[in-house]
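Q: Below are the structure tokens for one structure; questions will follow.
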Amino acid sequence: MQISNANLQFAYENFQTRLQEVKNYVVFVKKLADISSPAVSEERYIEKYIDDKLNFSFNLNSLFPIQRRVVDPLQQRTETDNFNWINVLTVEPQSTRTPTRSDFACHKIDRELQKTLRASTYLLLYNLMESTMSESINAIHETIRDENRNLLELSEKLHKVILQSFSKGLTNEKVSEFSRDNADIRDRIFDLGYDKKKLFSGNIDCGVIDEYCKKYDIRISPYKIDSQPLLWNPDKIEDIRKKRNSLAHGSESFAQCGQNMPIDSIDDNLQSVEAVLMGVFNGLNNFLTRQKYLRASQ
């Protein structure tokens with residue numbers, strides 16, 4: 001996506017970084033489901049085993065920072081993982097003896113733990129939506145400040161948004177403060193009552209996203225890759241919100257949530273979240289490029 005607005009570009013880059021983190025986690029969880037007896041083995045035990053028992057020759061030139069990896073201890077050779085946050089250990093065996101589980105200091109990742117790991121994807125996906133929406137909407141406010149716009153230049157809808165935020169922040173205490181200090185409230189018109197961290201509070205779904213976009217007059221437009229639009233399922237987005245709230249408030253345990261969660265549903269949820277957020281960025285990009293936040297541009 002080509003973005004010319006610096007504030008939106010900042011939000012988009014953060015989104016892409018967080019999205020990749022979630023994708024890495026999803027790949028990790030799916031990888032566990034494909035291994036018969038997954039376990040976590042510390043690298044130092046693998047190296048000791050190689051040195052002392054099997055006399056393996058090995059190459060550690062491609063090590064990454066985190067000193068842990070997921071292995072199947074019953075395999076004769078370790079696999080090269082495709083995660084940039086898990087060690088890659090290339091092993092060339094010089095012994096024909098097959099390693100046994102007792103040769104490794106492993107911590108088994110049992111089914112109960114895998115349920116928890118699956119359920120955690122709801123938290124990651126919801127947090128991705130909330131943080132991205134907050135930074136995306138904030139890009140509009142930052143652009144107005146960067147361009148030193150005054151209230152009278154803003155579109156009717158954005159004018160209303162600013163005044164509503166200001167009225168919420170103009171408490172009795174603030175009124176007394178401004179009066180005592182003989183302060184010019186025009187200096188605070190854009191920031192008083194506005195806090196991007198408080199835009200959303202555990203309630204994001206497609207309905208809330210549509211509501212905020214209409215409030216600013218942003219038109220969500222599906223982003224296309226090779227002429228194919230990225231489409232989302234509103235029911236999936238709503239389910240993510242509900243599951244996140246159930247987990248966050250303790251009304252459902254992670255094990256219970258993950259128990260009936262098909263592994264393929266994680267990809268479906270991820271696809272819907274990515275698609276709807278790309279649609280928001282696509283609409284916002286058009287909104288800012290055409291300066292739809294200004295009254296004169298309408």
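Quick note on naming: the chains in the structure tokens go A, B, ... in the order shown, residues restart at 1 in each chain, and ligands are numbered from 1 in order of appearance.
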Please provide as a PyMOL selection string all residues within 9 Å of Ser4 of chain A, with the sequence filter that same-chain residues fewer than 6 positions apart are discarded (counting only C-alpha atoms).
A: chain A and resi 285+288-289
Q: If we count only C-alpha atoms and set the cut-off at 8 Å, which residues sit around segment 116-121 of chain A, ignoring sequence neighbours fewer than 4 positions away in its own chain? Please answer as a list of chain:residue names.
A: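 Residues near the query, excluding close chain neighbours: A:Val22, A:Val26, A:Val29, A:Glu112, A:Leu125, A:Phe254, A:Ala255, A:Cys257, A:Gly258, A:Met261, A:Ile263, A:Ile266.
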Q: Among segment 70-280 of chain A, which ones does DSSP place in helix (DSSP H, G or I), written as a PyMOL selection string?
A: chain A and resi 101-103+111-146+151-153+156-169+172-181+185-188+196-198+206-216+234-249+254-259+263-280
Q: At what distance in Å, to one decimal, does atom CA of Glu177 of chain A lie from atom CA of Ile137 of chain A?
A: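 Atom-to-atom, atom CA of Ile137 of chain A and atom CA of Glu177 of chain A are spaced 29.2 Å apart.
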Q: Would you compute the distance between atom CA of Asn269 of chain A and atom CA of Arg241 of chain A? Give it in Å to one decimal.
A: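 Distance between the two atoms: 11.1 Å.
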Q: Residues at most 8 Å from Ala11 of chain A, counting only C-alpha atoms, excluding those fewer than 3 positions away in the same chain, as a list in words?
A: Asn7, Leu8, Asn14, Phe15, Thr132, Glu135, Ser136 and Ala139 of chain A
Q: Restricted to N, CA and C atoms, what would the selected residues look like written as a PDB file, in the first residue's frame?
A:
ATOM      1  N   ASN A   7       1.954  10.335   9.236  1.00  0.00           N
ATOM      2  CA  ASN A   7       1.322   9.810  10.452  1.00  0.00           C
ATOM      3  C   ASN A   7       0.623   8.476  10.188  1.00  0.00           C
ATOM      4  N   LEU A   8      -0.025   8.377   9.044  1.00  0.00           N
ATOM      5  CA  LEU A   8      -0.671   7.113   8.699  1.00  0.00           C
ATOM      6  C   LEU A   8       0.373   6.050   8.379  1.00  0.00           C
ATOM      7  N   ASN A  14       3.614   0.105  12.130  1.00  0.00           N
ATOM      8  CA  ASN A  14       3.404  -0.565  13.416  1.00  0.00           C
ATOM      9  C   ASN A  14       2.441  -1.738  13.262  1.00  0.00           C
ATOM     10  N   PHE A  15       1.414  -1.528  12.462  1.00  0.00           N
ATOM     11  CA  PHE A  15       0.451  -2.601  12.200  1.00  0.00           C
ATOM     12  C   PHE A  15       1.130  -3.797  11.541  1.00  0.00           C
ATOM     13  N   THR A 132      -4.250  -1.007  16.470  1.00  0.00           N
ATOM     14  CA  THR A 132      -4.195  -0.487  15.102  1.00  0.00           C
ATOM     15  C   THR A 132      -5.265   0.566  14.867  1.00  0.00           C
ATOM     16  N   GLU A 135      -4.237   3.869  16.650  1.00  0.00           N
ATOM     17  CA  GLU A 135      -3.183   4.614  15.957  1.00  0.00           C
ATOM     18  C   GLU A 135      -3.664   5.147  14.611  1.00  0.00           C
ATOM     19  N   SER A 136      -4.568   4.428  13.968  1.00  0.00           N
ATOM     20  CA  SER A 136      -5.089   4.884  12.677  1.00  0.00           C
ATOM     21  C   SER A 136      -5.927   6.148  12.840  1.00  0.00           C
ATOM     22  N   ALA A 139      -3.908   9.174  13.620  1.00  0.00           N
ATOM     23  CA  ALA A 139      -3.189   9.765  12.488  1.00  0.00           C
ATOM     24  C   ALA A 139      -3.914  11.004  11.962  1.00  0.00           C
TER      25      ALA A 139
END
